[in-house]
file coords_8.cif (mmCIF, C-alpha atoms)
data_model
#
loop_
_atom_site.label_atom_id
_atom_site.label_comp_id
_atom_site.auth_asym_id
_atom_site.auth_seq_id
_atom_site.Cartn_x
_atom_site.Cartn_y
_atom_site.Cartn_z
CA MET A 1 29.30 91.80 105.91
CA SER A 2 26.13 90.81 104.11
CA VAL A 3 25.10 87.19 104.19
CA ARG A 4 23.79 85.78 100.93
CA LYS A 5 21.09 83.15 100.74
CA VAL A 6 23.15 81.30 98.13
CA PHE A 7 26.78 80.91 99.17
CA LEU A 8 27.86 80.26 95.58
CA THR A 9 25.53 80.88 92.64
CA SER A 10 25.53 78.67 89.56
CA GLU A 11 26.86 81.62 87.54
CA GLN A 12 29.74 82.10 89.96
CA ARG A 13 30.45 78.38 89.87
CA ASP A 14 30.54 78.32 86.08
CA GLN A 15 32.79 81.38 85.90
CA LEU A 16 35.17 79.96 88.50
CA CYS A 17 35.38 76.63 86.68
CA ARG A 18 36.27 78.43 83.47
CA GLU A 19 38.98 80.40 85.24
CA LEU A 20 40.40 77.26 86.85
CA SER A 21 39.96 75.18 83.66
CA ILE A 22 38.07 72.46 85.51
CA ASP A 23 34.85 70.56 84.84
CA LYS A 24 31.94 72.22 86.64
CA LYS A 25 30.96 68.80 88.00
CA ARG A 26 33.84 69.21 90.43
CA ILE A 27 31.98 71.97 92.29
CA CYS A 28 28.59 70.68 93.49
CA ILE A 29 26.13 73.33 94.62
CA SER A 30 23.23 71.01 95.39
CA ILE A 31 22.68 67.72 97.17
CA GLU A 32 21.49 66.23 93.88
CA GLU A 33 24.77 67.13 92.15
CA MET A 34 26.87 65.73 95.00
CA ARG A 35 24.92 62.47 95.05
CA GLU A 36 25.32 62.10 91.29
CA VAL A 37 29.08 62.48 91.65
CA ARG A 38 29.21 59.95 94.49
CA LYS A 39 27.08 57.45 92.57
CA ASN A 40 29.50 57.50 89.66
CA LEU A 41 32.65 56.91 91.71
CA PRO A 42 34.12 53.38 91.56
CA THR A 43 32.71 51.25 94.37
CA THR A 44 36.23 50.26 95.37
CA SER A 45 37.45 53.85 95.78
CA SER A 46 38.37 55.17 99.19
CA VAL A 47 36.72 58.57 99.62
CA GLY A 48 38.19 61.10 102.01
CA PHE A 49 35.98 63.92 103.28
CA VAL A 50 37.02 67.25 104.80
CA PRO A 51 33.97 69.19 106.05
CA THR A 52 34.62 72.90 106.65
CA MET A 53 32.77 76.16 107.15
CA GLY A 54 35.24 77.90 104.85
CA ALA A 55 37.57 80.75 105.85
CA LEU A 56 40.36 78.25 105.33
CA HIS A 57 43.64 78.47 107.22
CA GLN A 58 46.69 76.25 107.43
CA GLY A 59 44.93 73.89 109.81
CA HIS A 60 42.28 73.15 107.18
CA LEU A 61 44.96 72.67 104.57
CA SER A 62 46.65 70.02 106.68
CA LEU A 63 43.33 68.11 106.83
CA ILE A 64 43.06 68.34 103.04
CA GLU A 65 46.65 67.17 102.60
CA ASN A 66 45.96 64.13 104.78
CA GLY A 67 42.78 63.33 102.90
CA VAL A 68 44.41 63.65 99.47
CA ARG A 69 47.38 61.55 100.56
CA ASP A 70 45.30 58.74 102.08
CA ASN A 71 42.45 58.31 99.58
CA ASP A 72 41.65 57.64 95.94
CA VAL A 73 39.17 60.53 95.89
CA THR A 74 38.84 63.48 98.26
CA VAL A 75 35.76 65.65 98.78
CA GLY A 76 35.74 68.96 100.64
CA SER A 77 32.66 70.85 101.75
CA ILE A 78 32.03 74.50 102.57
CA PHE A 79 28.88 75.18 104.56
CA VAL A 80 28.42 77.74 107.35
CA ASN A 81 26.06 75.72 109.49
CA ALA A 82 23.48 78.07 111.01
CA ALA A 83 22.17 75.26 113.23
CA GLN A 84 25.25 75.41 115.44
CA PHE A 85 25.01 79.16 116.05
CA ALA A 86 22.85 80.47 118.88
CA PRO A 87 20.74 83.56 118.02
CA HIS A 88 23.22 85.86 119.84
CA GLU A 89 26.32 84.40 118.17
CA ASP A 90 28.35 85.51 115.15
CA PHE A 91 26.62 83.72 112.24
CA SER A 92 26.24 86.88 110.15
CA LYS A 93 29.84 87.95 110.87
CA TYR A 94 31.46 84.58 110.28
CA PRO A 95 34.12 85.11 107.54
CA ARG A 96 33.03 83.94 104.09
CA ASN A 97 35.42 83.74 101.15
CA PRO A 98 33.85 81.12 98.86
CA VAL A 99 35.80 81.79 95.66
CA GLU A 100 39.16 82.02 97.43
CA ASP A 101 38.42 78.89 99.49
CA ILE A 102 37.41 76.87 96.42
CA GLU A 103 40.53 77.94 94.56
CA THR A 104 42.60 76.87 97.57
CA MET A 105 40.90 73.48 97.81
CA ILE A 106 41.37 72.78 94.12
CA GLY A 107 45.00 73.87 94.33
CA LYS A 108 45.57 71.43 97.22
CA GLY A 109 44.25 68.49 95.23
CA ILE A 110 40.61 68.22 96.31
CA ASP A 111 38.70 66.33 93.63
CA TYR A 112 35.17 67.57 94.40
CA ILE A 113 33.79 70.41 96.49
CA PHE A 114 30.29 70.42 97.96
CA VAL A 115 28.87 73.92 98.54
CA PRO A 116 25.20 73.48 99.49
CA THR A 117 22.60 76.08 100.39
CA GLN A 118 20.77 76.31 103.70
CA SER A 119 17.47 75.54 101.97
CA ASP A 120 18.98 72.34 100.61
CA MET A 121 20.46 71.25 103.94
CA TYR A 122 17.49 72.34 106.07
CA PRO A 123 14.32 72.13 103.97
CA GLY A 124 11.61 74.49 105.18
CA SER A 125 13.97 76.67 107.22
CA THR A 126 13.95 80.44 106.94
CA PHE A 127 17.19 82.06 105.83
CA GLY A 128 18.78 83.95 108.70
CA GLN A 129 17.25 81.62 111.24
CA THR A 130 19.84 80.01 113.51
CA SER A 131 20.07 77.38 116.26
CA THR A 132 18.80 73.82 116.21
CA GLU A 133 15.27 75.03 115.39
CA LEU A 134 16.25 74.89 111.71
CA SER A 135 15.63 71.16 111.65
CA THR A 136 12.59 69.24 112.90
CA THR A 137 14.73 66.09 113.07
CA GLN A 138 17.99 66.31 115.00
CA VAL A 139 20.89 64.18 116.15
CA VAL A 140 21.22 64.88 119.88
CA PRO A 141 24.44 63.57 121.48
CA LYS A 142 23.53 62.45 124.98
CA GLY A 143 25.08 64.59 127.70
CA ALA A 144 26.82 66.97 125.31
CA ASP A 145 25.23 70.10 126.80
CA PHE A 146 26.79 69.19 130.15
CA MET A 147 30.33 68.80 128.78
CA SER A 148 32.82 71.69 128.84
CA GLU A 149 32.25 73.25 125.40
CA GLY A 150 28.65 72.03 125.34
CA SER A 151 27.83 73.69 128.64
CA ALA A 152 29.26 76.96 127.31
CA ARG A 153 27.20 76.68 124.10
CA PRO A 154 23.97 74.73 124.76
CA GLY A 155 22.62 73.14 121.59
CA PHE A 156 25.89 73.63 119.72
CA PHE A 157 26.76 69.96 119.47
CA THR A 158 23.24 69.04 118.42
CA GLY A 159 23.71 71.45 115.50
CA VAL A 160 27.13 69.99 114.72
CA SER A 161 26.03 66.36 115.01
CA THR A 162 22.96 66.96 112.87
CA VAL A 163 24.83 68.63 110.01
CA VAL A 164 27.74 66.18 110.11
CA SER A 165 25.35 63.22 109.94
CA LYS A 166 23.61 64.84 106.95
CA LEU A 167 26.93 65.46 105.23
CA PHE A 168 28.00 61.87 105.85
CA ASN A 169 24.74 60.64 104.33
CA ILE A 170 25.16 62.83 101.25
CA VAL A 171 28.89 62.39 100.59
CA GLN A 172 29.19 58.79 101.89
CA PRO A 173 32.91 58.97 102.64
CA THR A 174 35.08 56.11 103.80
CA HIS A 175 37.27 58.48 105.85
CA ALA A 176 36.41 61.85 107.43
CA TYR A 177 39.05 64.30 108.65
CA PHE A 178 38.66 66.62 111.64
CA GLY A 179 41.09 68.86 113.51
CA GLN A 180 41.95 67.91 117.08
CA LYS A 181 41.67 71.60 118.06
CA ASP A 182 37.95 71.00 118.42
CA GLY A 183 38.57 68.07 120.72
CA ILE A 184 35.07 67.55 122.13
CA GLN A 185 33.64 67.79 118.60
CA VAL A 186 36.03 65.05 117.42
CA LEU A 187 35.08 62.92 120.42
CA LEU A 188 31.34 63.31 119.77
CA VAL A 189 31.62 62.70 116.01
CA ARG A 190 33.55 59.50 116.67
CA ARG A 191 30.92 58.46 119.20
CA MET A 192 28.13 59.23 116.75
CA VAL A 193 29.80 57.21 113.98
CA ARG A 194 30.13 54.30 116.40
CA ASP A 195 26.62 54.52 117.84
CA LEU A 196 24.80 55.11 114.52
CA ASN A 197 26.89 52.60 112.57
CA PHE A 198 28.22 54.94 109.89
CA PRO A 199 30.51 52.89 107.61
CA LEU A 200 33.47 55.24 107.83
CA LYS A 201 36.56 56.04 109.86
CA VAL A 202 36.98 59.36 111.64
CA VAL A 203 40.58 60.58 111.32
CA PRO A 204 41.60 63.23 113.89
CA CYS A 205 44.53 65.39 112.77
CA PRO A 206 46.92 67.28 115.07
CA THR A 207 46.20 70.89 115.97
CA LEU A 208 48.26 73.34 113.93
CA ARG A 209 49.63 76.26 115.90
CA GLU A 210 51.13 79.67 115.39
CA PRO A 211 54.81 80.02 116.43
CA ASP A 212 53.72 81.23 119.90
CA GLY A 213 51.42 78.24 120.41
CA LEU A 214 48.03 79.75 119.64
CA ALA A 215 45.84 77.18 117.89
CA MET A 216 44.97 78.23 114.35
CA SER A 217 41.32 79.23 113.96
CA SER A 218 39.20 81.18 111.51
CA ARG A 219 38.01 83.33 114.41
CA ASN A 220 41.50 84.51 115.38
CA ILE A 221 41.04 87.42 112.95
CA TYR A 222 38.62 88.92 115.50
CA LEU A 223 41.38 89.34 118.11
CA SER A 224 42.77 92.83 118.66
CA LYS A 225 46.53 93.30 118.77
CA GLU A 226 46.51 93.31 122.57
CA GLN A 227 44.25 90.25 122.77
CA ARG A 228 46.40 88.40 120.25
CA GLU A 229 49.45 88.98 122.45
CA ILE A 230 47.66 87.47 125.46
CA ALA A 231 45.86 84.63 123.67
CA PRO A 232 48.74 82.08 123.81
CA VAL A 233 48.21 81.86 127.58
CA LEU A 234 45.42 79.39 126.86
CA TYR A 235 47.78 76.81 125.38
CA LYS A 236 50.36 77.54 128.09
CA SER A 237 47.77 76.70 130.76
CA LEU A 238 47.07 73.36 129.09
CA GLN A 239 50.79 72.69 128.82
CA ALA A 240 51.18 73.41 132.54
CA VAL A 241 48.61 70.73 133.34
CA GLU A 242 50.21 68.30 130.89
CA LYS A 243 53.63 68.86 132.50
CA ALA A 244 52.24 68.32 135.99
CA PHE A 245 50.49 65.13 134.86
CA ASN A 246 53.70 63.84 133.27
CA ASN A 247 55.48 64.60 136.56
CA GLY A 248 53.12 62.28 138.37
CA ILE A 249 50.30 64.47 139.64
CA ARG A 250 46.97 62.61 139.30
CA SER A 251 44.68 64.75 141.46
CA TYR A 252 41.87 66.23 139.36
CA GLY A 253 41.46 69.19 141.71
CA SER A 254 45.17 69.95 141.80
CA LEU A 255 45.49 69.83 138.03
CA ILE A 256 42.47 72.09 137.54
CA ASP A 257 44.03 74.60 139.97
CA ILE A 258 47.33 74.50 138.06
CA GLY A 259 45.53 75.32 134.81
CA LEU A 260 43.41 78.11 136.29
CA ASN A 261 46.40 79.66 138.04
CA ALA A 262 48.30 79.75 134.75
CA LEU A 263 45.39 81.59 133.14
CA SER A 264 44.91 84.04 136.01
CA ALA A 265 48.55 85.12 135.75
CA GLN A 266 47.66 86.84 132.45
CA ASN A 267 44.16 87.94 133.46
CA LEU A 268 44.77 91.04 135.54
CA ASP A 269 41.85 91.69 137.90
CA GLY A 270 39.84 89.23 135.82
CA ASN A 271 39.07 91.97 133.31
CA VAL A 272 41.02 90.78 130.27
CA PHE A 273 39.03 87.64 129.48
CA GLU A 274 36.45 85.31 130.96
CA VAL A 275 37.41 81.69 131.61
CA GLN A 276 34.34 79.85 130.35
CA TYR A 277 35.53 76.44 131.50
CA PHE A 278 38.59 74.42 132.36
CA SER A 279 37.95 70.73 131.89
CA ILE A 280 39.69 67.40 132.39
CA CYS A 281 37.60 64.65 130.86
CA ASP A 282 37.65 61.13 129.51
CA ALA A 283 38.90 61.40 125.92
CA VAL A 284 36.64 58.60 124.65
CA GLU A 285 33.21 59.35 126.14
CA GLY A 286 33.67 62.94 127.31
CA SER A 287 32.66 62.44 130.95
CA GLU A 288 34.31 64.90 133.34
CA PHE A 289 36.64 63.54 136.01
CA GLY A 290 36.23 64.70 139.59
CA GLY A 291 32.99 64.61 141.58
CA GLU A 292 31.30 61.24 141.40
CA ASN A 293 34.05 59.98 139.10
CA GLY A 294 36.67 60.48 141.78
CA ASP A 295 39.59 62.86 142.18
CA THR A 296 42.31 60.47 140.99
CA LEU A 297 42.90 60.44 137.24
CA PRO A 298 43.77 57.29 135.30
CA ASP A 299 46.95 57.03 133.26
CA SER A 300 45.29 57.04 129.84
CA ASN A 301 42.61 58.59 127.61
CA ILE A 302 42.53 62.08 129.11
CA MET A 303 41.66 65.37 127.42
CA VAL A 304 42.39 68.72 129.04
CA SER A 305 40.45 71.57 127.43
CA SER A 306 39.53 75.17 128.06
CA ALA A 307 37.92 78.20 126.47
CA ILE A 308 38.38 81.88 127.20
CA ASN A 309 36.23 84.75 125.98
CA PHE A 310 37.59 88.21 125.24
CA GLY A 311 34.09 89.57 124.62
CA ASN A 312 34.49 90.04 120.88
CA CYS A 313 36.14 86.65 120.38
CA ARG A 314 36.32 83.34 122.23
CA ILE A 315 39.10 80.85 121.69
CA LEU A 316 39.32 77.20 122.70
CA ASP A 317 42.02 74.59 122.82
CA ASN A 318 42.86 71.17 124.24
CA VAL A 319 45.66 68.70 124.74
CA LEU A 320 45.54 64.93 125.06
CA VAL A 321 47.52 63.58 128.02
CA GLY A 322 48.43 60.08 129.04
CA GLU A 323 48.42 57.13 126.69
CA GLN A 324 45.57 57.26 124.13
CA LEU A 325 44.20 53.75 123.81
#
call {"tool": "encode", "arguments": {"input": "coords_8.cif", "output": "structure tokens"}}
result
Amino acid sequence: MSVRKVFLTSEQRDQLCRELSIDKKRICISIEEMREVRKNLPTTSSVGFVPTMGALHQGHLSLIENGVRDNDVTVGSIFVNAAQFAPHEDFSKYPRNPVEDIETMIGKGIDYIFVPTQSDMYPGSTFGQTSTELSTTQVVPKGADFMSEGSARPGFFTGVSTVVSKLFNIVQPTHAYFGQKDGIQVLLVRRMVRDLNFPLKVVPCPTLREPDGLAMSSRNIYLSKEQREIAPVLYKSLQAVEKAFNNGIRSYGSLIDIGLNALSAQNLDGNVFEVQYFSICDAVEGSEFGGENGDTLPDSNIMVSSAINFGNCRILDNVLVGEQL
């Protein structure tokens, strides 16, 4: 799949707006256009924001539905953020369906769609360049590279935090919607909003799942038939830990073993997939239990998460256990 420097050209935008019979101001392809739209919205309007990288699935649509239901105006964005991809990762292969995604967003009631270019979002960067080197100024969430998903993808959350902060500054929403599937991301965005005093509310939305429990993800299309049949074991392992916790087990080490044993039952000889991490952490700050934090878990604010890698595709998931205060 070729990767274009401009995700959506002005000609494509104009043609699409004609086909959809909508004002072209509803599809903003530059920061300047998006800011002009935001400036002209009533100051009393609540503005929902659903940031995406496109390749929309039902999980994204549920975020849009929540945003449209809760707000006077809803903005969606489509931007494949190169800053959160390491050089060896799948930036060039990431699925891109801009016209289809825009049609879907409009059909679901999105009022405005922001589709910026990399040169707009990261001035001075070279197209095709990835990782956090795109930006000379970054938002670095403290400790993120030592958390579960962060330790598996160093620099990833700096790329996410940087682009999300830029999008917040451009769109200026009152509410921002994120899927709980990316649990550590939700945690860190909420922490960033708190620490940097963004005047908005982060709204986590429940993970949407396939009938067999697999969390919906744009990357699931990479799974082979055999991998897809095995993939639900990830959620089953998290459920096993949740069940044990609800039955009274509070030992960090015991719960980790329960999760890993559930995964190993489907990982014959360890050759089917690699377990990149299995984590039980504080659901507010992200600090891992166990070690210096003690083996006994509290009764509230716990996130259990894991990621497995099939080689051609990695999948991640999490569940919240205990009371969420």
call {"tool": "residues_around", "arguments": {"input": "coords_8.cif", "residues": "region 20-26 of chain A", "least_positions_apart": "4", "cutoff": "8 Å", "atoms": "only C-alpha atoms", "output": "VMD selection string"}}
result
chain A and resid 13 to 14 16 33 37 103 111 to 113
call {"tool": "write_last_selection", "arguments": {"input": "coords_8.cif", "atoms": "C-alpha atoms", "output": "PDB file, keeping the file's coordinate frame"}}
result
ATOM      1  CA  ARG A  13      30.450  78.380  89.870  1.00  0.00           C
ATOM      2  CA  ASP A  14      30.540  78.320  86.080  1.00  0.00           C
ATOM      3  CA  LEU A  16      35.170  79.960  88.500  1.00  0.00           C
ATOM      4  CA  GLU A  33      24.770  67.130  92.150  1.00  0.00           C
ATOM      5  CA  VAL A  37      29.080  62.480  91.650  1.00  0.00           C
ATOM      6  CA  GLU A 103      40.530  77.940  94.560  1.00  0.00           C
ATOM      7  CA  ASP A 111      38.700  66.330  93.630  1.00  0.00           C
ATOM      8  CA  TYR A 112      35.170  67.570  94.400  1.00  0.00           C
ATOM      9  CA  ILE A 113      33.790  70.410  96.490  1.00  0.00           C
TER      10      ILE A 113
END
call {"tool": "atom_distance", "arguments": {"input": "coords_8.cif", "atom1": "CA of Leu238 (chain A)", "atom2": "CA of Ala262 (chain A)"}}
result
8.6 Å
call {"tool": "resolve_selection", "arguments": {"input": "coords_8.cif", "expression": "the PyMOL selection byres ((chain A and resi 265-271) around 10)", "output": "list in words"}}
result
Ile230, Ala231, Pro232, Val233, Leu234, Ser237, Leu260, Asn261, Ala262, Leu263, Ser264, Val272, Phe273, Glu274, Val275 and Phe310 of chain A
call {"tool": "write_last_selection", "arguments": {"input": "coords_8.cif", "atoms": "C-alpha atoms", "output": "mmCIF file, in the coordinates of the input"}}
result
data_model
loop_
_atom_site.group_PDB
_atom_site.id
_atom_site.type_symbol
_atom_site.label_atom_id
_atom_site.label_comp_id
_atom_site.auth_asym_id
_atom_site.auth_seq_id
_atom_site.Cartn_x
_atom_site.Cartn_y
_atom_site.Cartn_z
ATOM 1 C CA ILE A 230 47.660 87.470 125.460
ATOM 2 C CA ALA A 231 45.860 84.630 123.670
ATOM 3 C CA PRO A 232 48.740 82.080 123.810
ATOM 4 C CA VAL A 233 48.210 81.860 127.580
ATOM 5 C CA LEU A 234 45.420 79.390 126.860
ATOM 6 C CA SER A 237 47.770 76.700 130.760
ATOM 7 C CA LEU A 260 43.410 78.110 136.290
ATOM 8 C CA ASN A 261 46.400 79.660 138.040
ATOM 9 C CA ALA A 262 48.300 79.750 134.750
ATOM 10 C CA LEU A 263 45.390 81.590 133.140
ATOM 11 C CA SER A 264 44.910 84.040 136.010
ATOM 12 C CA VAL A 272 41.020 90.780 130.270
ATOM 13 C CA PHE A 273 39.030 87.640 129.480
ATOM 14 C CA GLU A 274 36.450 85.310 130.960
ATOM 15 C CA VAL A 275 37.410 81.690 131.610
ATOM 16 C CA PHE A 310 37.590 88.210 125.240
#
call {"tool": "resolve_selection", "arguments": {"input": "coords_8.cif", "expression": "the PyMOL selection byres ((chain A and resi 213) around 12)", "output": "list in words"}}
result
Thr207, Leu208, Arg209, Glu210, Pro211, Asp212, Leu214, Ala215, Met216, Arg228, Glu229, Ile230, Ala231, Pro232, Val233, Leu234, Tyr235, Lys236, Ser237, Leu238, Gln239, Asp317, Asn318 and Val319 of chain A
call {"tool": "write_last_selection", "arguments": {"input": "coords_8.cif", "atoms": "C-alpha atoms", "output": "compact mmCIF listing (two decimals), in the frame of the given file"}}
result
# COMPACT_ATOMS: atom_id res chain seq x y z
CA THR A 207 46.20 70.89 115.97
CA LEU A 208 48.26 73.34 113.93
CA ARG A 209 49.63 76.26 115.90
CA GLU A 210 51.13 79.67 115.39
CA PRO A 211 54.81 80.02 116.43
CA ASP A 212 53.72 81.23 119.90
CA LEU A 214 48.03 79.75 119.64
CA ALA A 215 45.84 77.18 117.89
CA MET A 216 44.97 78.23 114.35
CA ARG A 228 46.40 88.40 120.25
CA GLU A 229 49.45 88.98 122.45
CA ILE A 230 47.66 87.47 125.46
CA ALA A 231 45.86 84.63 123.67
CA PRO A 232 48.74 82.08 123.81
CA VAL A 233 48.21 81.86 127.58
CA LEU A 234 45.42 79.39 126.86
CA TYR A 235 47.78 76.81 125.38
CA LYS A 236 50.36 77.54 128.09
CA SER A 237 47.77 76.70 130.76
CA LEU A 238 47.07 73.36 129.09
CA GLN A 239 50.79 72.69 128.82
CA ASP A 317 42.02 74.59 122.82
CA ASN A 318 42.86 71.17 124.24
CA VAL A 319 45.66 68.70 124.74
call {"tool": "closest_residue", "arguments": {"input": "coords_8.cif", "among": "A:Leu56, A:Val80, A:Val50, A:Ala86", "to": "Asp101 (chain A)", "atoms": "all atoms listed in the file"}}
result
A:Leu56
call {"tool": "resolve_selection", "arguments": {"input": "coords_8.cif", "expression": "the PyMOL selection byres ((chain A and resi 51) around 12)", "output": "PyMOL selection string"}}
result
chain A and resi 48-50+52-54+56+60-61+63-64+67+74-81+105+110+112-116+160+163-168+170-171+173+175-179+202
call {"tool": "write_last_selection", "arguments": {"input": "coords_8.cif", "atoms": "C-alpha atoms", "output": "PDB file, keeping the file's coordinate frame"}}
result
ATOM      1  CA  GLY A  48      38.190  61.100 102.010  1.00  0.00           C
ATOM      2  CA  PHE A  49      35.980  63.920 103.280  1.00  0.00           C
ATOM      3  CA  VAL A  50      37.020  67.250 104.800  1.00  0.00           C
ATOM      4  CA  THR A  52      34.620  72.900 106.650  1.00  0.00           C
ATOM      5  CA  MET A  53      32.770  76.160 107.150  1.00  0.00           C
ATOM      6  CA  GLY A  54      35.240  77.900 104.850  1.00  0.00           C
ATOM      7  CA  LEU A  56      40.360  78.250 105.330  1.00  0.00           C
ATOM      8  CA  HIS A  60      42.280  73.150 107.180  1.00  0.00           C
ATOM      9  CA  LEU A  61      44.960  72.670 104.570  1.00  0.00           C
ATOM     10  CA  LEU A  63      43.330  68.110 106.830  1.00  0.00           C
ATOM     11  CA  ILE A  64      43.060  68.340 103.040  1.00  0.00           C
ATOM     12  CA  GLY A  67      42.780  63.330 102.900  1.00  0.00           C
ATOM     13  CA  THR A  74      38.840  63.480  98.260  1.00  0.00           C
ATOM     14  CA  VAL A  75      35.760  65.650  98.780  1.00  0.00           C
ATOM     15  CA  GLY A  76      35.740  68.960 100.640  1.00  0.00           C
ATOM     16  CA  SER A  77      32.660  70.850 101.750  1.00  0.00           C
ATOM     17  CA  ILE A  78      32.030  74.500 102.570  1.00  0.00           C
ATOM     18  CA  PHE A  79      28.880  75.180 104.560  1.00  0.00           C
ATOM     19  CA  VAL A  80      28.420  77.740 107.350  1.00  0.00           C
ATOM     20  CA  ASN A  81      26.060  75.720 109.490  1.00  0.00           C
ATOM     21  CA  MET A 105      40.900  73.480  97.810  1.00  0.00           C
ATOM     22  CA  ILE A 110      40.610  68.220  96.310  1.00  0.00           C
ATOM     23  CA  TYR A 112      35.170  67.570  94.400  1.00  0.00           C
ATOM     24  CA  ILE A 113      33.790  70.410  96.490  1.00  0.00           C
ATOM     25  CA  PHE A 114      30.290  70.420  97.960  1.00  0.00           C
ATOM     26  CA  VAL A 115      28.870  73.920  98.540  1.00  0.00           C
ATOM     27  CA  PRO A 116      25.200  73.480  99.490  1.00  0.00           C
ATOM     28  CA  VAL A 160      27.130  69.990 114.720  1.00  0.00           C
ATOM     29  CA  VAL A 163      24.830  68.630 110.010  1.00  0.00           C
ATOM     30  CA  VAL A 164      27.740  66.180 110.110  1.00  0.00           C
ATOM     31  CA  SER A 165      25.350  63.220 109.940  1.00  0.00           C
ATOM     32  CA  LYS A 166      23.610  64.840 106.950  1.00  0.00           C
ATOM     33  CA  LEU A 167      26.930  65.460 105.230  1.00  0.00           C
ATOM     34  CA  PHE A 168      28.000  61.870 105.850  1.00  0.00           C
ATOM     35  CA  ILE A 170      25.160  62.830 101.250  1.00  0.00           C
ATOM     36  CA  VAL A 171      28.890  62.390 100.590  1.00  0.00           C
ATOM     37  CA  PRO A 173      32.910  58.970 102.640  1.00  0.00           C
ATOM     38  CA  HIS A 175      37.270  58.480 105.850  1.00  0.00           C
ATOM     39  CA  ALA A 176      36.410  61.850 107.430  1.00  0.00           C
ATOM     40  CA  TYR A 177      39.050  64.300 108.650  1.00  0.00           C
ATOM     41  CA  PHE A 178      38.660  66.620 111.640  1.00  0.00           C
ATOM     42  CA  GLY A 179      41.090  68.860 113.510  1.00  0.00           C
ATOM     43  CA  VAL A 202      36.980  59.360 111.640  1.00  0.00           C
TER      44      VAL A 202
END
call {"tool": "axis_aligned_box", "arguments": {"input": "coords_8.cif", "around": "region 259-263 of chain A", "padding_each_side": "5 Å", "output": "JSON"}}
result
{"center_x": 45.9, "center_y": 78.5, "center_z": 135.6, "size_x": 14.9, "size_y": 16.3, "size_z": 14.9}
call {"tool": "closest_residue", "arguments": {"input": "coords_8.cif", "among": "A:Arg194, A:Leu187, A:Ile258, A:Ser306", "to": "Glu285 (chain A)", "atoms": "all atoms listed in the file"}}
result
A:Leu187
call {"tool": "closest_residue", "arguments": {"input": "coords_8.cif", "among": "A:Val186, A:Ala283, A:Ile315, A:Leu325", "to": "Ala152 (chain A)", "atoms": "only C-alpha atoms"}}
result
A:Ile315
call {"tool": "atom_distance", "arguments": {"input": "coords_8.cif", "atom1": "CA of Gly322 (chain A)", "atom2": "CA of Asn197 (chain A)"}}
result
28.1 Å
call {"tool": "atom_distance", "arguments": {"input": "coords_8.cif", "atom1": "CA of Val284 (chain A)", "atom2": "CA of Val203 (chain A)"}}
result
14.0 Å
call {"tool": "closest_residue", "arguments": {"input": "coords_8.cif", "among": "A:Cys205, A:Leu223, A:Ala144, A:Ala307", "to": "Ser62 (chain A)", "atoms": "all atoms listed in the file"}}
result
A:Cys205
call {"tool": "closest_residue", "arguments": {"input": "coords_8.cif", "among": "A:Ser46, A:Thr126, A:Ser305, A:Thr158", "to": "Phe278 (chain A)", "atoms": "only C-alpha atoms"}}
result
A:Ser305
call {"tool": "residues_around", "arguments": {"input": "coords_8.cif", "residues": "region 146-148 of chain A", "least_positions_apart": "3", "cutoff": "9 Å", "atoms": "only C-alpha atoms", "output": "PyMOL selection string"}}
result
chain A and resi 143+151-154+184+276-281+286-288+305-307
call {"tool": "residues_around", "arguments": {"input": "coords_8.cif", "residues": "Val140 (chain A)", "least_positions_apart": "3", "cutoff": "10 Å", "atoms": "all atoms listed in the file", "output": "PDB file with C-alpha atoms, keeping the file's coordinate frame"}}
result
ATOM      1  CA  THR A 132      18.800  73.820 116.210  1.00  0.00           C
ATOM      2  CA  THR A 137      14.730  66.090 113.070  1.00  0.00           C
ATOM      3  CA  GLY A 143      25.080  64.590 127.700  1.00  0.00           C
ATOM      4  CA  ALA A 144      26.820  66.970 125.310  1.00  0.00           C
ATOM      5  CA  ASP A 145      25.230  70.100 126.800  1.00  0.00           C
ATOM      6  CA  GLY A 155      22.620  73.140 121.590  1.00  0.00           C
ATOM      7  CA  PHE A 156      25.890  73.630 119.720  1.00  0.00           C
ATOM      8  CA  PHE A 157      26.760  69.960 119.470  1.00  0.00           C
ATOM      9  CA  THR A 158      23.240  69.040 118.420  1.00  0.00           C
ATOM     10  CA  GLY A 159      23.710  71.450 115.500  1.00  0.00           C
ATOM     11  CA  VAL A 160      27.130  69.990 114.720  1.00  0.00           C
ATOM     12  CA  SER A 161      26.030  66.360 115.010  1.00  0.00           C
ATOM     13  CA  THR A 162      22.960  66.960 112.870  1.00  0.00           C
ATOM     14  CA  MET A 192      28.130  59.230 116.750  1.00  0.00           C
TER      15      MET A 192
END
call {"tool": "closest_residue", "arguments": {"input": "coords_8.cif", "among": "A:Thr43, A:Ile102, A:Pro87, A:Gln58", "to": "Ile29 (chain A)", "atoms": "only C-alpha atoms"}}
result
A:Ile102
call {"tool": "residues_around", "arguments": {"input": "coords_8.cif", "residues": "Thr117 (chain A)", "least_positions_apart": "5", "cutoff": "9 Å", "atoms": "only C-alpha atoms", "output": "tab-separated table (two decimals) with C-alpha atoms, in the coordinates of the input"}}
result
chain	number	residue	atom	x	y	z
A	5	LYS	CA	21.09	83.15	100.74
A	6	VAL	CA	23.15	81.30	98.13
A	7	PHE	CA	26.78	80.91	99.17
A	8	LEU	CA	27.86	80.26	95.58
A	29	ILE	CA	26.13	73.33	94.62
A	30	SER	CA	23.23	71.01	95.39
A	31	ILE	CA	22.68	67.72	97.17
A	79	PHE	CA	28.88	75.18	104.56
A	122	TYR	CA	17.49	72.34	106.07
call {"tool": "residues_around", "arguments": {"input": "coords_8.cif", "residues": "Tyr222 (chain A)", "least_positions_apart": "4", "cutoff": "10 Å", "atoms": "all atoms listed in the file", "output": "PyMOL selection string"}}
result
chain A and resi 93-95+218+227-228+310+312-314
